[in-house]
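Below is work.txt, holding compact mmCIF, C-alpha atoms and all ligand atoms.
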# COMPACT_ATOMS: atom_id res chain seq x y z
CA MET A 1 93.94 124.97 87.61
CA TYR A 2 90.99 125.65 85.35
CA GLY A 3 88.47 123.02 86.40
CA GLY A 4 89.51 120.29 84.06
CA TYR A 5 90.05 117.93 86.91
CA GLY A 6 86.69 117.60 88.64
CA ASN A 7 84.63 114.49 89.54
CA TYR A 8 87.32 111.83 89.60
CA ILE A 9 87.20 111.16 93.34
CA LYS A 10 84.71 108.46 94.36
CA THR A 11 85.95 107.01 97.66
CA SER A 12 82.76 104.96 98.02
CA PHE A 13 83.46 103.18 94.73
CA VAL A 14 84.40 99.47 94.89
CA PRO A 15 86.00 98.45 91.58
CA ASP A 16 85.23 95.06 90.05
CA LYS A 17 88.72 93.56 89.51
CA ASP A 18 87.56 92.01 86.23
CA ASP A 19 86.71 95.36 84.73
CA TYR A 20 89.32 97.74 86.11
CA LEU A 21 93.07 98.17 86.12
CA ILE A 22 93.97 99.48 89.57
CA ALA A 23 97.08 101.63 89.91
CA THR A 24 98.65 102.64 93.20
CA PHE A 25 100.51 105.94 93.38
CA LYS A 26 102.32 107.92 96.03
CA ILE A 27 101.80 111.68 95.57
CA THR A 28 103.79 114.60 96.94
CA PRO A 29 101.71 117.70 96.12
CA ASN A 30 103.15 121.10 95.28
CA LYS A 31 100.96 123.88 96.68
CA ASN A 32 97.73 122.09 95.81
CA SER A 33 95.88 119.65 98.04
CA LEU A 34 96.39 115.89 97.84
CA TYR A 35 92.79 115.62 96.61
CA TYR A 36 93.38 118.10 93.79
CA CYS A 37 96.57 116.26 92.77
CA ALA A 38 94.80 112.91 92.86
CA GLU A 39 92.17 114.24 90.45
CA ALA A 40 94.81 115.79 88.22
CA VAL A 41 96.71 112.48 88.03
CA ALA A 42 93.52 110.54 87.30
CA ALA A 43 92.46 112.99 84.61
CA GLU A 44 95.81 113.35 82.82
CA SER A 45 96.35 109.56 82.80
CA SER A 46 93.04 108.87 81.12
CA ILE A 47 90.59 111.23 79.37
CA GLY A 48 91.14 114.69 80.87
CA THR A 49 93.34 117.74 80.59
CA TRP A 50 93.89 121.09 82.39
CA THR A 51 90.60 122.65 81.37
CA SER A 52 87.02 121.59 80.79
CA LEU A 53 86.29 120.52 77.20
CA SER A 54 83.48 121.48 74.85
CA THR A 55 84.17 118.19 73.06
CA MET A 56 83.73 115.92 76.08
CA GLN A 57 80.95 113.36 75.59
CA LYS A 58 78.70 111.89 78.33
CA ARG A 59 79.53 108.46 76.88
CA VAL A 60 83.23 109.04 77.36
CA LEU A 61 82.76 110.13 80.94
CA LYS A 62 80.46 107.19 81.64
CA ASN A 63 82.64 104.51 80.05
CA LEU A 64 86.21 105.75 80.48
CA GLN A 65 86.45 108.09 83.44
CA PRO A 66 88.66 106.51 86.15
CA LYS A 67 87.81 106.79 89.81
CA VAL A 68 90.12 107.69 92.67
CA PHE A 69 88.59 105.29 95.16
CA TYR A 70 91.30 105.30 97.86
CA ILE A 71 93.18 108.24 99.37
CA ASP A 72 95.34 107.97 102.48
CA LYS A 73 96.28 111.48 103.63
CA LYS A 74 99.03 110.26 105.98
CA SER A 75 100.94 108.05 103.55
CA ARG A 76 99.80 110.10 100.52
CA ILE A 77 99.01 106.83 98.77
CA ILE A 78 96.10 106.84 96.33
CA LYS A 79 94.51 104.12 94.22
CA ILE A 80 92.88 104.79 90.88
CA ALA A 81 90.50 102.35 89.19
CA TYR A 82 90.79 102.67 85.40
CA PRO A 83 88.13 101.06 83.15
CA ILE A 84 90.05 98.30 81.37
CA GLU A 85 88.85 99.62 77.98
CA LEU A 86 91.44 102.38 78.42
CA PHE A 87 94.19 99.82 77.81
CA GLU A 88 95.06 98.09 74.55
CA PRO A 89 95.61 94.38 75.12
CA SER A 90 99.21 93.17 74.74
CA ASN A 91 100.59 96.72 74.41
CA PRO A 92 103.22 97.53 77.08
CA ALA A 93 104.04 100.91 75.57
CA GLN A 94 100.44 102.11 75.80
CA LEU A 95 100.11 100.90 79.38
CA LEU A 96 103.15 102.96 80.39
CA SER A 97 102.06 105.98 78.34
CA ASP A 98 98.85 105.85 80.31
CA ILE A 99 99.74 105.22 83.98
CA ALA A 100 103.40 106.26 83.71
CA GLY A 101 103.28 108.98 81.09
CA ASN A 102 102.53 112.73 81.24
CA ILE A 103 101.53 112.57 84.89
CA PHE A 104 105.17 112.49 86.01
CA GLY A 105 105.71 115.96 84.57
CA MET A 106 102.68 117.80 85.94
CA ARG A 107 103.47 121.09 87.68
CA GLU A 108 100.70 120.56 90.28
CA VAL A 109 102.39 117.44 91.51
CA LYS A 110 105.80 117.83 93.12
CA TRP A 111 106.72 114.13 93.11
CA LEU A 112 104.84 111.07 91.88
CA ALA A 113 105.69 107.38 92.27
CA LEU A 114 103.86 104.55 90.49
CA LEU A 115 104.10 101.83 93.12
CA ASP A 116 102.04 98.98 91.66
CA PHE A 117 99.23 97.99 89.36
CA GLU A 118 96.77 95.13 89.28
CA ALA A 119 94.82 94.14 86.19
CA PRO A 120 92.10 91.68 85.11
CA LEU A 121 93.51 88.24 84.21
CA ASN A 122 92.26 88.69 80.64
CA TYR A 123 94.52 91.71 80.32
CA PHE A 124 97.58 89.90 81.70
CA ASN A 125 96.77 86.91 79.45
CA SER A 126 96.75 89.17 76.39
CA PHE A 127 100.55 89.40 76.79
CA PRO A 128 102.87 86.57 75.64
CA GLY A 129 104.66 86.09 78.97
CA PRO A 130 107.81 83.97 79.27
CA LYS A 131 108.11 81.21 76.67
CA PHE A 132 110.23 79.00 78.94
CA GLY A 133 109.85 80.47 82.40
CA LYS A 134 111.63 79.08 85.43
CA LEU A 135 110.40 75.51 84.90
CA GLY A 136 111.28 75.52 81.20
CA ILE A 137 114.82 76.62 82.00
CA ARG A 138 115.15 73.93 84.64
CA ARG A 139 113.98 71.34 82.07
CA LEU A 140 116.43 72.71 79.54
CA ILE A 141 119.43 72.75 81.84
CA SER A 142 119.16 71.04 85.18
CA THR A 143 119.17 67.30 85.35
CA ASP A 144 119.01 67.51 89.15
CA LYS A 145 116.09 65.66 90.63
CA ASN A 146 115.78 68.19 93.41
CA PRO A 147 115.97 71.70 91.97
CA ARG A 148 118.69 73.94 93.32
CA PRO A 149 119.75 77.56 92.81
CA HIS A 150 121.66 78.04 89.54
CA ILE A 151 125.05 79.76 89.76
CA GLY A 152 126.56 82.00 87.14
CA THR A 153 129.01 84.70 86.29
CA ILE A 154 129.44 87.80 84.17
CA ILE A 155 132.57 87.93 82.03
CA LYS A 156 134.82 90.64 83.48
CA PRO A 157 136.30 93.11 82.76
CA LYS A 158 132.86 94.36 81.71
CA VAL A 159 134.12 95.11 78.20
CA GLY A 160 137.53 94.99 76.52
CA LEU A 161 138.43 91.32 76.17
CA ASN A 162 138.64 89.97 72.62
CA PRO A 163 136.50 86.92 71.71
CA VAL A 164 139.30 84.42 72.35
CA GLU A 165 140.02 85.88 75.80
CA ALA A 166 136.30 86.03 76.64
CA ALA A 167 135.84 82.41 75.56
CA LYS A 168 138.66 81.34 77.87
CA VAL A 169 137.04 83.14 80.82
CA ALA A 170 133.72 81.50 79.96
CA TYR A 171 135.29 78.04 79.63
CA ASP A 172 137.09 78.34 82.96
CA SER A 173 133.84 79.50 84.62
CA TRP A 174 131.87 76.53 83.30
CA VAL A 175 134.49 73.86 84.08
CA GLY A 176 134.95 75.47 87.47
CA GLY A 177 131.34 74.49 88.16
CA LEU A 178 129.06 77.33 87.03
CA ASP A 179 125.82 76.83 85.11
CA LEU A 180 125.62 80.19 83.37
CA VAL A 181 127.98 82.73 81.81
CA LYS A 182 126.69 86.07 80.50
CA ASP A 183 127.92 89.12 78.68
CA ASP A 184 127.94 92.29 80.73
CA GLU A 185 125.12 94.78 80.20
CA ASN A 186 127.26 97.27 78.28
CA LEU A 187 128.89 94.68 75.99
CA THR A 188 127.16 94.31 72.63
CA SER A 189 129.31 94.57 69.45
CA HIS A 190 132.55 96.59 69.38
CA THR A 191 135.76 96.85 67.41
CA PHE A 192 137.45 94.74 70.10
CA SER A 193 134.63 92.20 70.30
CA LYS A 194 132.26 91.82 67.35
CA PHE A 195 129.03 90.11 68.47
CA GLU A 196 129.24 87.32 65.90
CA ASP A 197 132.92 86.56 66.65
CA ARG A 198 132.35 86.49 70.41
CA LEU A 199 129.24 84.33 69.99
CA ALA A 200 131.11 81.76 67.90
CA LYS A 201 134.11 81.52 70.22
CA ILE A 202 132.07 81.31 73.43
CA LEU A 203 129.61 78.74 72.07
CA GLU A 204 132.62 76.66 70.99
CA ALA A 205 133.92 76.93 74.55
CA LYS A 206 130.47 75.97 75.87
CA ASP A 207 130.45 72.79 73.78
CA LYS A 208 133.92 71.91 75.11
CA ALA A 209 132.87 72.60 78.70
CA GLU A 210 129.71 70.48 78.33
CA GLN A 211 131.77 67.59 77.00
CA GLN A 212 134.31 68.02 79.78
CA THR A 213 131.74 68.24 82.60
CA GLY A 214 128.88 66.18 81.19
CA LYS A 215 126.57 69.03 82.22
CA LYS A 216 124.42 71.42 80.15
CA LYS A 217 125.65 75.01 80.30
CA ILE A 218 124.15 78.42 79.46
CA TYR A 219 125.65 81.38 77.62
CA CYS A 220 123.68 84.64 77.57
CA PRO A 221 124.90 86.70 74.57
CA ASN A 222 123.79 90.32 74.90
CA ILE A 223 121.77 91.11 71.76
CA SER A 224 120.62 94.57 72.99
CA ALA A 225 120.33 97.01 70.05
CA SER A 226 117.62 98.34 67.72
CA ALA A 227 114.87 95.78 67.09
CA GLU A 228 116.04 94.80 63.61
CA ILE A 229 119.60 94.23 64.81
CA MET A 230 118.37 92.32 67.86
CA LEU A 231 116.37 90.10 65.50
CA LYS A 232 119.45 89.38 63.38
CA ARG A 233 121.58 88.66 66.46
CA ALA A 234 118.95 86.38 67.97
CA GLU A 235 118.58 84.48 64.69
CA LEU A 236 122.37 84.04 64.53
CA ALA A 237 122.50 82.88 68.16
CA GLN A 238 119.77 80.33 67.52
CA ASP A 239 121.43 79.11 64.30
CA MET A 240 124.67 78.64 66.24
CA GLY A 241 122.93 76.63 68.96
CA SER A 242 122.66 79.07 71.84
CA ASN A 243 119.97 78.23 74.42
CA CYS A 244 119.68 81.79 75.71
CA ILE A 245 119.80 85.45 74.66
CA MET A 246 120.29 88.42 76.99
CA ILE A 247 118.41 91.70 76.61
CA ASP A 248 118.86 94.95 78.55
CA ILE A 249 115.11 95.29 78.81
CA LEU A 250 114.86 98.91 79.96
CA THR A 251 117.32 100.45 77.55
CA VAL A 252 115.75 98.60 74.59
CA GLY A 253 112.18 98.98 75.85
CA PHE A 254 109.44 96.50 76.69
CA SER A 255 107.96 96.58 73.18
CA ALA A 256 111.28 95.44 71.72
CA VAL A 257 111.49 92.69 74.35
CA GLN A 258 107.98 91.54 73.42
CA PHE A 259 108.87 91.67 69.71
CA ILE A 260 111.79 89.30 70.27
CA ARG A 261 109.72 87.08 72.59
CA ASN A 262 107.02 86.82 69.94
CA GLN A 263 109.53 85.33 67.46
CA ASN A 264 109.24 82.15 69.55
CA PHE A 265 112.94 81.39 69.44
CA LYS A 266 114.13 78.15 70.99
CA MET A 267 116.14 80.28 73.45
CA PHE A 268 115.12 81.80 76.74
CA ILE A 269 115.46 85.52 77.51
CA HIS A 270 117.80 86.61 80.30
CA ALA A 271 116.54 90.10 81.20
CA HIS A 272 119.06 92.60 82.56
CA ARG A 273 117.54 95.71 84.16
CA ALA A 274 120.31 98.27 83.56
CA MET A 275 118.92 101.84 83.99
CA HIS A 276 116.15 100.70 86.35
CA ALA A 277 117.56 102.73 89.24
CA ALA A 278 116.87 105.96 87.31
CA LEU A 279 113.22 105.05 87.91
CA THR A 280 113.22 102.89 91.02
CA LYS A 281 115.73 104.36 93.45
CA ASN A 282 113.77 107.45 94.54
CA LYS A 283 110.79 106.03 96.40
CA ASN A 284 108.92 109.35 96.11
CA HIS A 285 109.28 109.81 92.36
CA GLY A 286 109.48 107.24 89.59
CA ILE A 287 108.33 103.70 88.89
CA SER A 288 108.82 100.83 91.32
CA MET A 289 110.85 97.74 90.45
CA LEU A 290 107.67 95.73 91.14
CA VAL A 291 105.94 97.52 88.25
CA LEU A 292 108.96 96.95 86.00
CA ALA A 293 109.10 93.29 87.00
CA LYS A 294 105.42 92.85 86.13
CA LEU A 295 106.01 94.38 82.72
CA ALA A 296 109.09 92.20 82.19
CA ARG A 297 107.08 89.02 82.90
CA MET A 298 104.22 90.18 80.67
CA ALA A 299 106.60 91.02 77.81
CA GLY A 300 108.30 87.62 78.04
CA ALA A 301 111.40 87.69 80.26
CA ASP A 302 112.32 84.17 81.40
CA GLN A 303 114.99 85.30 83.88
CA LEU A 304 115.03 88.76 85.53
CA HIS A 305 117.55 90.59 87.70
CA VAL A 306 115.67 91.53 90.87
CA GLY A 307 118.51 92.49 93.25
CA ALA A 308 120.80 90.49 95.49
CA ILE A 309 119.65 91.90 98.89
CA PHE A 310 123.20 91.52 100.28
CA GLY A 311 125.10 92.91 97.26
CA LYS A 312 126.39 96.24 96.01
CA MET A 313 123.10 97.55 94.61
CA GLU A 314 120.28 99.11 96.63
CA GLY A 315 117.07 97.14 97.14
CA SER A 316 115.67 96.12 100.54
CA LYS A 317 115.08 92.48 101.42
CA LYS A 318 111.36 93.23 101.74
CA GLU A 319 111.12 94.83 98.30
CA VAL A 320 113.29 92.22 96.53
CA LEU A 321 111.39 89.29 98.02
CA GLN A 322 108.03 90.92 97.25
CA ILE A 323 109.10 91.04 93.59
CA HIS A 324 110.50 87.48 93.75
CA LYS A 325 107.21 86.26 95.23
CA TRP A 326 105.11 87.92 92.52
CA LEU A 327 107.35 86.52 89.75
CA ASN A 328 106.73 83.05 91.18
CA SER A 329 103.02 83.45 91.81
CA PRO A 330 100.24 82.28 89.48
CA VAL A 331 99.10 85.16 87.24
CA GLY A 332 96.78 83.88 84.54
CA ASN A 333 98.73 82.03 81.86
CA LEU A 334 101.98 83.93 82.48
CA ALA A 335 104.80 81.47 83.23
CA GLU A 336 106.85 82.05 86.38
CA VAL A 337 110.12 83.93 86.04
CA PHE A 338 113.54 82.76 87.30
CA SER A 339 114.83 85.52 89.63
CA VAL A 340 118.45 86.56 89.25
CA ALA A 341 120.42 87.81 92.25
CA SER A 342 123.53 89.66 91.15
CA GLY A 343 125.69 92.69 91.95
CA GLY A 344 128.52 92.58 94.45
CA VAL A 345 127.96 88.86 95.12
CA SER A 346 130.75 86.53 96.26
CA PRO A 347 130.92 82.99 97.69
CA LEU A 348 130.61 84.58 101.12
CA THR A 349 127.18 86.08 100.39
CA LEU A 350 125.82 83.05 98.55
CA PRO A 351 124.43 81.32 101.69
CA LYS A 352 122.47 84.41 102.78
CA ILE A 353 121.09 84.93 99.28
CA ALA A 354 120.10 81.27 98.94
CA LYS A 355 118.44 81.37 102.37
CA ALA A 356 116.46 84.47 101.48
CA PHE A 357 115.32 83.35 98.01
CA GLY A 358 115.12 79.57 98.44
CA LYS A 359 115.98 77.31 95.49
CA ASP A 360 114.38 79.38 92.69
CA VAL A 361 117.17 81.86 92.10
CA VAL A 362 120.15 82.31 89.78
CA ILE A 363 123.02 83.58 91.93
CA GLN A 364 125.57 85.44 89.81
CA ALA A 365 128.99 86.81 90.71
CA GLY A 366 131.29 88.72 88.39
CA GLY A 367 134.03 90.21 90.53
CA GLY A 368 133.22 87.53 93.09
CA VAL A 369 134.49 84.89 90.63
CA HIS A 370 137.09 86.64 88.47
CA GLY A 371 138.56 88.46 91.47
CA HIS A 372 139.56 85.19 93.12
CA PRO A 373 143.28 85.17 94.01
CA SER A 374 143.82 81.99 91.97
CA GLY A 375 141.85 83.15 88.93
CA THR A 376 138.54 82.41 87.25
CA ARG A 377 138.45 78.61 87.43
CA ALA A 378 139.23 78.72 91.15
CA GLY A 379 136.70 81.53 91.62
CA ALA A 380 134.01 79.46 89.92
CA ALA A 381 135.00 76.46 92.05
CA ALA A 382 134.71 78.60 95.19
CA LEU A 383 131.18 79.73 94.23
CA TYR A 384 130.25 76.11 93.43
CA GLN A 385 131.69 74.99 96.79
CA ALA A 386 129.75 77.71 98.61
CA LEU A 387 126.57 76.38 96.97
CA GLN A 388 127.38 72.77 97.92
CA ALA A 389 128.09 73.83 101.50
CA THR A 390 124.79 75.71 101.62
CA LEU A 391 122.79 72.81 100.19
CA GLN A 392 124.33 70.55 102.85
CA ASN A 393 123.83 73.14 105.62
CA ILE A 394 127.56 73.19 106.33
CA PRO A 395 129.10 76.51 107.44
CA LEU A 396 131.44 77.92 104.79
CA GLU A 397 134.36 78.06 107.23
CA LYS A 398 133.99 74.31 107.88
CA TYR A 399 133.57 73.41 104.22
CA ALA A 400 136.63 75.53 103.40
CA LEU A 401 138.84 73.30 105.55
CA GLU A 402 138.59 70.68 102.77
CA HIS A 403 138.18 73.06 99.80
CA LYS A 404 141.10 75.36 99.12
CA GLU A 405 139.38 77.57 96.53
CA LEU A 406 136.65 78.48 99.01
CA LYS A 407 139.26 78.97 101.71
CA GLN A 408 141.14 81.46 99.52
CA ALA A 409 137.89 83.30 98.76
CA LEU A 410 137.11 83.59 102.47
CA GLN A 411 140.61 84.90 103.09
CA LYS A 412 140.28 87.57 100.38
CA TRP A 413 136.70 88.74 101.02
CA HIS A 414 136.15 87.96 104.72
C1 LIG A 501 127.47 92.48 88.50
C2 LIG A 501 127.02 93.20 87.24
C3 LIG A 501 125.52 93.28 87.09
C4 LIG A 501 124.79 93.81 88.28
C5 LIG A 501 123.52 94.51 87.88
C6 LIG A 501 127.61 94.59 87.16
O1 LIG A 501 128.86 92.43 88.51
O2 LIG A 501 127.48 92.51 86.09
O3 LIG A 501 125.28 94.08 85.95
O4 LIG A 501 124.47 92.71 89.03
O5 LIG A 501 122.82 94.81 89.04
O6 LIG A 501 127.94 94.97 86.04
O7 LIG A 501 127.65 95.24 88.20
P1 LIG A 501 129.58 92.09 89.91
P2 LIG A 501 121.38 94.16 89.29
O8 LIG A 501 129.19 90.69 90.29
O9 LIG A 501 131.05 92.19 89.62
O10 LIG A 501 129.11 93.10 90.89
O11 LIG A 501 121.59 92.67 89.19
O12 LIG A 501 121.02 94.65 90.66
O13 LIG A 501 120.47 94.67 88.22
MG MG A 502 126.85 93.91 84.70
The structure given in the file should be rewritten as structure tokens.
Ligand code: CAP
Ligand code: MG
Amino acid sequence: MYGGYGNYIKTSFVPDKDDYLIATFKITPNKNSLYYCAEAVAAESSIGTWTSLSTMQKRVLKNLQPKVFYIDKKSRIIKIAYPIELFEPSNPAQLLSDIAGNIFGMREVKWLALLDFEAPLNYFNSFPGPKFGKLGIRRLISTDKNPRPHIGTIIKPKVGLNPVEAAKVAYDSWVGGLDLVKDDENLTSHTFSKFEDRLAKILEAKDKAEQQTGKKKIYCPNISASAEIMLKRAELAQDMGSNCIMIDILTVGFSAVQFIRNQNFKMFIHAHRAMHAALTKNKNHGISMLVLAKLARMAGADQLHVGAIFGKMEGSKKEVLQIHKWLNSPVGNLAEVFSVASGGVSPLTLPKIAKAFGKDVVIQAGGGVHGHPSGTRAGAAALYQALQATLQNIPLEKYALEHKELKQALQKWH
């Protein structure tokens, strides 16, 4: 517009990965050229603005000016190398305000998608990361010598049951064979289900189910709220012996997640991603689930919903497994995250999900358990049977000949 955006393009530049955060964007320009838009994005996400500045210093330009070092005209993908000094260590809010802030609203750019970012290990290590991670959760819960997928459910209906009713659903799910029971993402504390009452009743049911089955179980109480209320709820959950807390990480914000993580509770964080699709669904404008997953791991999520591939929510196999792979790859000191596959899952889809993810996945079904014709306990048994069949490489139809709950599930959802 008025020359504030010059000198950011340096396609000969090769960034040193120890000194630069590299962000990958997809740009759809308005009337302006892709090159102009690339410069505008680089400027507005770092030191520049719409016009040249009398206050600009040579030192600032030298030390903090990012470089657009990659531009692909066909795919409209660009890569910007940002000097790492632009980013405050261990501050997820500032990272997003930088590479996912004003730039989404610029008139010059019709659509903008933040696809990925890479950063120096020192920067990743400045974040707390998961306290337990996948291996910590396995140590906490599974006694199996050979690790397997965990199976879980979401209490349904989503909201509306009173604590006694919810505890019964949870108990039936655990004794039916499930490892994990969680609150739904929109259940926090309501006239019909006060958080503290639900927590007490369901933890009581968990104790009973553990005695009955001889197996450790998990309850994920949803503590999502303002930070001070989340702190109180987490402290109560820990005092009452919960081994997990659930947080809707996008609606509360990554800083709140990191605040709770930094309390070092003896409970792992189950991260629900409600609202992500407002950012991730449009592949031309928004923030990719890969970026959100990286932030979730950095902020301290131990388990993270990543998509079920074969469920009711969008998310291609390629994209979901790319996220799953990154969550399970070595990144500095950040522990690996337990992927959660959920959304429209039933015993019939379990084998495909397990095949796609391998053993490091929590497979969750809400309707696919509580919609079973013989009720929750049978629905949990059917999901458990589907897992056993899968682990033994037996087709579900064959396994169902000897397992009526699975047979009924196949009949209902074939
Ligand atoms: C699944 C679920 C989860 C979704 C979220 C729901 O219930 O409880 O919130 O899995 O999607 O409310 O839809 P069902 P994602 O099993 O009954 O579908 O995991 O993709 O974030
Ligand atoms: Mg839900």
In Å, rounded to a single decimal, give me how far CA of His190 in chain A is from CA of Glu210 in chain A. 27.7 Å
Quick one: which chain A residues come within 9 Å of ligand LIG 501 (chain A), and what is the nearest atom pair for each with the distance in Å to one decimal, counting only C-alpha atoms and all ligand atoms, rows ordered by chain and ascending number, as CSV?
residue,atom,partner,partner_atom,distance
A:Thr153,CA,A:LIG501,O8,7.2
A:Ile154,CA,A:LIG501,O2,5.5
A:Ile155,CA,A:LIG501,O2,8.0
A:Lys156,CA,A:LIG501,O9,7.4
A:Pro157,CA,A:LIG501,O9,8.7
A:Lys158,CA,A:LIG501,O6,6.6
A:Lys182,CA,A:LIG501,O2,8.6
A:Asp183,CA,A:LIG501,O2,8.2
A:Asp184,CA,A:LIG501,O2,5.4
A:Glu185,CA,A:LIG501,O3,5.8
A:Asn186,CA,A:LIG501,O6,8.1
A:His272,CA,A:LIG501,O13,6.2
A:Arg273,CA,A:LIG501,O13,5.1
A:Ala274,CA,A:LIG501,O13,5.9
A:Met275,CA,A:LIG501,O13,8.5
A:His276,CA,A:LIG501,O13,7.6
A:Ala277,CA,A:LIG501,O13,8.6
A:Leu304,CA,A:LIG501,O11,8.5
A:His305,CA,A:LIG501,O11,4.8
A:Val306,CA,A:LIG501,O12,6.2
A:Gly307,CA,A:LIG501,O12,4.2
A:Ala308,CA,A:LIG501,O12,6.4
A:Ile309,CA,A:LIG501,O12,8.8
A:Gly311,CA,A:LIG501,O10,7.5
A:Lys312,CA,A:LIG501,O10,6.6
A:Met313,CA,A:LIG501,O12,5.3
A:Glu314,CA,A:LIG501,O12,7.5
A:Gly315,CA,A:LIG501,O12,8.0
A:Val340,CA,A:LIG501,O11,6.9
A:Ala341,CA,A:LIG501,O11,5.9
A:Ser342,CA,A:LIG501,O4,3.8
A:Gly343,CA,A:LIG501,O4,3.2
A:Gly344,CA,A:LIG501,O10,3.6
A:Val345,CA,A:LIG501,O8,5.3
A:Ser346,CA,A:LIG501,O8,7.4
A:Gln364,CA,A:LIG501,O8,6.4
A:Ala365,CA,A:LIG501,O8,3.9
A:Gly366,CA,A:LIG501,O8,3.4
A:Gly367,CA,A:LIG501,O9,3.7
A:Gly368,CA,A:LIG501,O8,5.8
A:Val369,CA,A:LIG501,O8,7.9
A:His370,CA,A:LIG501,O9,8.3
A:Gly371,CA,A:LIG501,O9,8.6
Pairwise distance for CA of Gln211 in chain A and CA of Ala409 in chain A, rounded to one decimal in Å: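 Answer for the CA of Gln211 in chain A to CA of Ala409 in chain A separation: 27.5 Å.
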Distance query 6 Å from (114.3, 84.2, 91.5) using only C-alpha atoms, result as a VMD selection string: chain A and resid 324 338 to 340 360 to 361
I need every residue sitting at most 12 Å from the point (118.6, 89.5, 77.2) (coordinates as in the file, all atoms listed in the file considered), written as an MDAnalysis selection string. chainID A and resid 182:188 219:225 230:231 233:234 237 243:254 256:258 260:261 267:274 296 300:305
Length of the CA of Ile151 in chain A to CA of Ser193 in chain A vector [Å]: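 According to the coordinates, CA of Ile151 in chain A and CA of Ser193 in chain A are separated by 25.0 Å.
For the set A:Arg139, A:Lys168, A:Arg377, A:Lys325, the residue with the smallest atom-to-atom gap to Lys294 in chain A is A:Lys325, counting all atoms listed in the file.
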Determine, counting only C-alpha atoms, which protein, DNA and RNA residues have an atom within 10 Å of an atom of Phe192 in chain A; residues of the same chain fewer than 5 positions away are not included. Present the result as a VMD selection string. chain A and resid 159 to 163 197 to 198
Residue contacts of range 59-69 of chain A (10 Å, only C-alpha atoms) excluding same-chain residues fewer than 5 positions away, as a PyMOL selection string: chain A and resi 7-15+20-24+35+38-39+41-43+45-48+78-86
Could you give me, as a PDB file with C-alpha atoms, in the frame of the given file, the residues within 8 Å of Lys208 in chain A, counting only C-alpha atoms and dropping anything in the same chain fewer than 4 positions from it?
ATOM      1  CA  TYR A 171     135.290  78.040  79.630  1.00  0.00           C
ATOM      2  CA  GLU A 204     132.620  76.660  70.990  1.00  0.00           C
ATOM      3  CA  GLN A 212     134.310  68.020  79.780  1.00  0.00           C
TER       4      GLN A 212
END
Residue nearest ligand MG 502 (chain A) among A:Met56, A:Val291, A:Val181, A:Ala93 (counting only C-alpha atoms and all ligand atoms):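 Looking only at the distances to ligand MG 502 (chain A), the closest residue turns out to be A:Val181.
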With all atoms listed in the file as the atoms that count, which of A:Leu292, A:Ile27, A:Met298, A:Leu279 lies nearest to Phe127 in chain A?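 Of A:Leu292, A:Ile27, A:Met298, A:Leu279, the one nearest Phe127 in chain A, counting all atoms listed in the file, is A:Met298.
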Taking all listed atoms of range 390-404 of chain A, build the axis-aligned box, pad each of the six sides by 4 Å, then write its centre and edge lengths in Å to one decimal as lines of an AutoDock Vina configuration file.
center_x = 131.9
center_y = 74.3
center_z = 103.5
size_x = 26.3
size_y = 15.5
size_z = 16.8
